[in-house]
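Quick notes on the structure that follows.
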Amino acid sequence: MYKRHIAILGSTGSIGRQTLDVVRRNKELFEIELLTANNSSELLINQALEFDANNVVICNKDKYKEVSDALQDKGIKVFAGMQSVCDLVTSERVDMVVASMVGFSGLAPTIAAIKAGKAIALANKETLVAAGWIIMNLAEKYHAAIIPVDSEHSAIFQCLLGAQGNKIKRIHLTASGGPFRTWKKDEIALATKQQALKHPQWNMGDKITIDSATMMNKGFEVIEAKWLFDCRPEDINVIVHPEAIIHSMIEFDDGAVLAQMGHPDMREPIQFALCFPDRKPLDIGKLDFAGIGNLSFFEPDMEKFPALALAFKAITRGGNIPCAMNAANEAAVAAYLQDRIGFYDISDIVNECMDGVDFVGDPGLEDIFETNDTVYSKAKEIISKVSGGR
Ligand code: MG
């Protein structure tokens with residue numbers, strides 16, 4: 001049987017590791033064509049050996065020798081630097097690219113893969129936040145299928161398979177609410193990163209877990225949904241659902257609502273994307289509805305979580321503003337993870353950067369890269385002031 005040849009960008013991150021777990025359970029279906037990592041050389045080496053990868057890229061060139069020395073006798077080709085990632089994803093041996101790098105850095109390789117017409121399993125939501133219309137236009141032009149990996153968007157994608165092409169009226173995007181859902185605002189203001197990193201439902205990487213605590217992640221997902229499913233932001237209803245059993249819903253003109261449910265386990269949407277359009281068994285337990293008992297729903301609190309409101313403001317203004325929001329957020333979350341700024345400084349810095357950036361109404365890719373660089377630097381300046389040199 002033909003094996004699907006997979007390239008995993010960011011294989012040592014949370015989504016990358018869970019993708020490899022899906023591959024490990026379905027070895028007869030997949031061959032690993034390419035693994036890439038930013039810095040985690042040791043894990044990359046172990047993954048390459050376990051999965052007998054054909055190629056690996058370590059983006060940090062200082063670690064090239066270490067990776068190369070470990071793998072060169074094993075018939076695994078080793079490359080270094082981001083440009084190698086962009087080159088190798090276009091190989092005709094690659095069938096599907098799992099875009100699971102964190103942050104804006106995923107944009108260039110994702111575009112390279114789209115231009116080569118590859119199927120994209122898209123986990124890197126920041127690419128759609130910063131440049132959604134560019135990504136979607138290129139995907140159409142180069143016939144590159146985009147299959148969402150984000151659990152909410154996978155849910156909507158799966159629901160849409162049952163829509164028979166009928167128009168949808170609204171999307172209900174569920175949010176677990178993060179670790180601070182029941183906290184008071186003055187308590188959240190003093191939250192440490194250890195508290196913010198304790199997500200109640202999902203096992204994810206540090207950056208997205210902080211984004212979940214601020215609810216910036218849900219804001220990103222509103223923008224992601226707008227581009228993936230071509231809907232207006234005002235037709236996307238964010239609803240807090242702490243049990244995280246319903247992964248999102250679509251509503252039709254006649255009031256009927258379709259929901260997709262499952263355990264909060266990223267391996268489900270990952271495997272769905274890797275195997276699409278087939279479904280394969282996945283042993284992560286069955287939903288026990290009687291055991292769950294109740295599903296609850298709440299309005300999101302934009303006072304306590306201003307980042308969510310900022311995302312609606314960004315997508316309503318459009319142009320390069322969502323890109324500016326993303327760049328400022330990346331800088332601020334990194335500073336929060338270094339204990340340099342407080343929890344609400346993140347959304348304050350993002351807001352200041354969004355208001356301060358020169359507006360570009362119809363940005364091309366170069367404008368997007370420039371906005372990202374300019375705003376990232378600006379955010380770092382503000383962080384230095386706020387942190388008092390910490
Ligand atoms: Mg999500």
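Simple scheme: letters A, B, ... for chains in structure tokens order, numbers from 1 for residues in each chain, numbers from 1 for ligands in the order shown.
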Kindly provide, as a PyMOL selection string, all nucleotide and amino acid residues lying within 6 Å of ligand 1, counting only C-alpha atoms and all ligand atoms.
chain A and resi 150-152
Write out the residues from the selection above, keeping N, CA and C atoms, as a PDB file, in the first residue's frame.
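To be explicit, this is the file written out as part.pdb:
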ATOM      1  N   ASP A 150      -6.153  22.738  14.359  1.00  0.00           N
ATOM      2  CA  ASP A 150      -6.705  23.347  15.567  1.00  0.00           C
ATOM      3  C   ASP A 150      -8.044  22.650  15.867  1.00  0.00           C
ATOM      4  N   SER A 151      -8.260  22.252  17.121  1.00  0.00           N
ATOM      5  CA  SER A 151      -9.396  21.371  17.412  1.00  0.00           C
ATOM      6  C   SER A 151     -10.736  22.000  17.033  1.00  0.00           C
ATOM      7  N   GLU A 152     -10.881  23.317  17.272  1.00  0.00           N
ATOM      8  CA  GLU A 152     -12.145  23.994  16.960  1.00  0.00           C
ATOM      9  C   GLU A 152     -12.395  24.001  15.450  1.00  0.00           C
TER      10      GLU A 152
END
Residue neighbourhood Phe298 of chain A, 9 Å, only C-alpha atoms, exclusion window fewer than 4 positions, as a list in words:
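Selected residues are Ile239, Val240, His241 and Pro242 of chain A.
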Store the residues picked out above in a file with C-alpha atoms, as a short mmCIF file (atom, residue, chain, number, x, y, z; two decimals), in the first residue's frame.
data_model
loop_
_atom_site.label_atom_id
_atom_site.label_comp_id
_atom_site.auth_asym_id
_atom_site.auth_seq_id
_atom_site.Cartn_x
_atom_site.Cartn_y
_atom_site.Cartn_z
CA ILE A 239 -18.92 30.53 23.82
CA VAL A 240 -17.13 29.34 26.95
CA HIS A 241 -17.58 25.60 27.49
CA PRO A 242 -15.32 24.44 30.33
#
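Near Thr12 of chain A, within 7 Å and counting only C-alpha atoms, sit Arg17, Ala37, Ser40, Leu43 and Leu44 of chain A; same-chain residues fewer than 5 positions away were not included.
Closest approach to Asn237 of chain A among A:Ile171, A:Ala259, A:Val56, A:Val22: A:Ile171, based on only C-alpha atoms.
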Please determine, counting only C-alpha atoms, which residue among A:Leu122, A:Gln158, A:Lys185, A:Ala225 has the shortest atom-to-atom distance to Asp278 of chain A.
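Looking only at the distances to Asp278 of chain A, the closest residue turns out to be A:Gln158.
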Would you write out, as JSON lines, a table of all residues in segment 85-158 of chain A that have an atom no more than 9 Å from an atom of segment 347-368 of chain A, listing for each the closest atom pair and the distance in Å to one decimal, considering only C-alpha atoms and ordering rows by chain and rising residue number?
{"residue": "A:Ala130", "atom": "CA", "partner": "A:Ile368", "partner_atom": "CA", "distance": 7.1}
{"residue": "A:Ala131", "atom": "CA", "partner": "A:Ile368", "partner_atom": "CA", "distance": 7.1}
{"residue": "A:Ile134", "atom": "CA", "partner": "A:Leu365", "partner_atom": "CA", "distance": 7.4}
Test item: residues at most 9 Å from Ile120 of chain A, only C-alpha atoms, excluding those fewer than 5 positions along its chain, as a list in words:
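In the requested form, the answer reads Asp95, Met96, Val97, Val98, Ala99, Thr110, Ala113, Ile114, Ala144, Ala145, Ile146, Ile147, Pro148 and Ala273 of chain A.
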Take the residues that were just selected and, keeping N, CA and C atoms, output them as a CSV table (one decimal), in the first residue's frame.
chain,number,residue,atom,x,y,z
A,95,ASP,N,4.0,14.5,0.3
A,95,ASP,CA,2.6,14.6,0.0
A,95,ASP,C,1.8,15.6,0.9
A,96,MET,N,2.2,15.6,2.2
A,96,MET,CA,1.5,16.5,3.1
A,96,MET,C,2.5,17.1,4.1
A,97,VAL,N,2.2,18.4,4.3
A,97,VAL,CA,3.1,19.2,5.3
A,97,VAL,C,2.3,19.5,6.5
A,98,VAL,N,2.8,19.1,7.7
A,98,VAL,CA,2.2,19.4,8.9
A,98,VAL,C,2.8,20.7,9.4
A,99,ALA,N,2.1,21.8,9.3
A,99,ALA,CA,2.7,23.1,9.7
A,99,ALA,C,2.4,23.4,11.2
A,110,THR,N,5.3,27.7,5.3
A,110,THR,CA,3.9,27.3,4.9
A,110,THR,C,3.6,27.8,3.5
A,113,ALA,N,5.3,25.7,0.9
A,113,ALA,CA,4.6,24.4,0.7
A,113,ALA,C,3.3,24.6,-0.1
A,114,ILE,N,2.6,25.7,0.2
A,114,ILE,CA,1.4,25.9,-0.6
A,114,ILE,C,1.7,26.1,-2.1
A,144,ALA,N,-3.7,23.9,-3.2
A,144,ALA,CA,-3.2,23.2,-2.0
A,144,ALA,C,-4.4,23.1,-1.0
A,145,ALA,N,-4.7,21.9,-0.6
A,145,ALA,CA,-5.8,21.7,0.3
A,145,ALA,C,-5.3,22.1,1.7
A,146,ILE,N,-6.1,22.9,2.5
A,146,ILE,CA,-5.7,23.2,3.8
A,146,ILE,C,-6.7,22.5,4.8
A,147,ILE,N,-6.1,21.6,5.6
A,147,ILE,CA,-7.0,20.9,6.5
A,147,ILE,C,-6.6,21.4,7.9
A,148,PRO,N,-7.5,22.0,8.6
A,148,PRO,CA,-7.2,22.6,9.9
A,148,PRO,C,-6.9,21.5,11.0
A,273,ALA,N,-6.7,14.9,10.2
A,273,ALA,CA,-6.0,15.7,9.1
A,273,ALA,C,-5.1,14.8,8.4
If you run DSSP on the backbone here, which positions in segment 272-344 of chain A get alpha helix (DSSP H)? Please write them as a ChimeraX atom specification.
/A:272-275,289-292,306-317,321-337,343-344
Once DSSP has gone over the backbone, tell me which residues of segment 45-188 of chain A are in strand (DSSP E or B), as a short mmCIF file (atom, residue, chain, number, x, y, z; two decimals) with N, CA and C atoms, in the first residue's frame.
data_model
loop_
_atom_site.label_atom_id
_atom_site.label_comp_id
_atom_site.auth_asym_id
_atom_site.auth_seq_id
_atom_site.Cartn_x
_atom_site.Cartn_y
_atom_site.Cartn_z
N ASN A 55 14.95 13.13 5.72
CA ASN A 55 15.67 14.40 5.83
C ASN A 55 15.33 15.06 7.16
N VAL A 56 16.29 15.78 7.72
CA VAL A 56 15.98 16.63 8.87
C VAL A 56 16.63 18.00 8.68
N VAL A 57 15.98 19.01 9.27
CA VAL A 57 16.56 20.35 9.28
C VAL A 57 16.62 20.83 10.73
N ILE A 58 17.80 21.29 11.15
CA ILE A 58 17.89 22.01 12.42
C ILE A 58 18.06 23.49 12.06
N LYS A 77 19.64 12.53 5.70
CA LYS A 77 20.29 13.77 5.25
C LYS A 77 19.98 14.90 6.24
N VAL A 78 21.00 15.67 6.58
CA VAL A 78 20.85 16.73 7.58
C VAL A 78 21.14 18.09 6.95
N PHE A 79 20.26 19.04 7.20
CA PHE A 79 20.41 20.40 6.68
C PHE A 79 20.25 21.38 7.84
N ALA A 80 20.64 22.64 7.59
CA ALA A 80 20.49 23.67 8.64
C ALA A 80 19.87 24.93 8.06
N MET A 96 2.22 15.60 2.17
CA MET A 96 1.50 16.46 3.12
C MET A 96 2.49 17.12 4.08
N VAL A 97 2.22 18.40 4.35
CA VAL A 97 3.08 19.16 5.26
C VAL A 97 2.27 19.48 6.51
N VAL A 98 2.78 19.06 7.66
CA VAL A 98 2.16 19.43 8.94
C VAL A 98 2.84 20.72 9.39
N ALA A 99 2.10 21.82 9.33
CA ALA A 99 2.66 23.13 9.68
C ALA A 99 2.43 23.36 11.16
N ALA A 119 -0.66 19.33 0.24
CA ALA A 119 -1.74 19.37 1.23
C ALA A 119 -1.12 19.84 2.55
N ILE A 120 -1.83 20.76 3.21
CA ILE A 120 -1.31 21.34 4.45
C ILE A 120 -2.21 20.94 5.61
N ALA A 121 -1.63 20.28 6.61
CA ALA A 121 -2.32 20.10 7.89
C ALA A 121 -1.89 21.29 8.74
N LEU A 122 -2.80 22.25 8.92
CA LEU A 122 -2.39 23.54 9.47
C LEU A 122 -2.65 23.65 10.96
N ILE A 146 -6.08 22.88 2.46
CA ILE A 146 -5.72 23.22 3.84
C ILE A 146 -6.68 22.51 4.77
N ILE A 147 -6.14 21.63 5.60
CA ILE A 147 -6.96 20.88 6.55
C ILE A 147 -6.57 21.35 7.95
N PRO A 148 -7.53 21.99 8.65
CA PRO A 148 -7.17 22.56 9.95
C PRO A 148 -6.88 21.49 10.99
N ILE A 168 -23.98 28.36 5.94
CA ILE A 168 -24.08 28.37 7.39
C ILE A 168 -24.33 29.79 7.87
N LYS A 169 -25.12 29.88 8.92
CA LYS A 169 -25.51 31.20 9.42
C LYS A 169 -24.51 31.69 10.45
N ARG A 170 -24.12 30.80 11.36
CA ARG A 170 -23.19 31.20 12.41
C ARG A 170 -22.27 30.05 12.75
N ILE A 171 -21.11 30.42 13.27
CA ILE A 171 -20.20 29.44 13.86
C ILE A 171 -20.21 29.68 15.37
N HIS A 172 -20.32 28.61 16.14
CA HIS A 172 -20.16 28.71 17.59
C HIS A 172 -18.80 28.11 17.94
N LEU A 173 -17.89 28.99 18.30
CA LEU A 173 -16.51 28.61 18.57
C LEU A 173 -16.38 28.40 20.08
N THR A 174 -16.15 27.17 20.50
CA THR A 174 -16.10 26.92 21.95
C THR A 174 -14.72 27.23 22.50
N ALA A 175 -14.72 27.63 23.78
CA ALA A 175 -13.48 27.98 24.49
C ALA A 175 -13.55 27.34 25.87
#
Kindly indicate which residue among A:Ile6, A:Glu28, A:Met204, A:Lys63 lies nearest to Thr90 of chain A, using only C-alpha atoms for the distances.
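Once distances to Thr90 of chain A are computed over only C-alpha atoms, the minimum belongs to A:Ile6.
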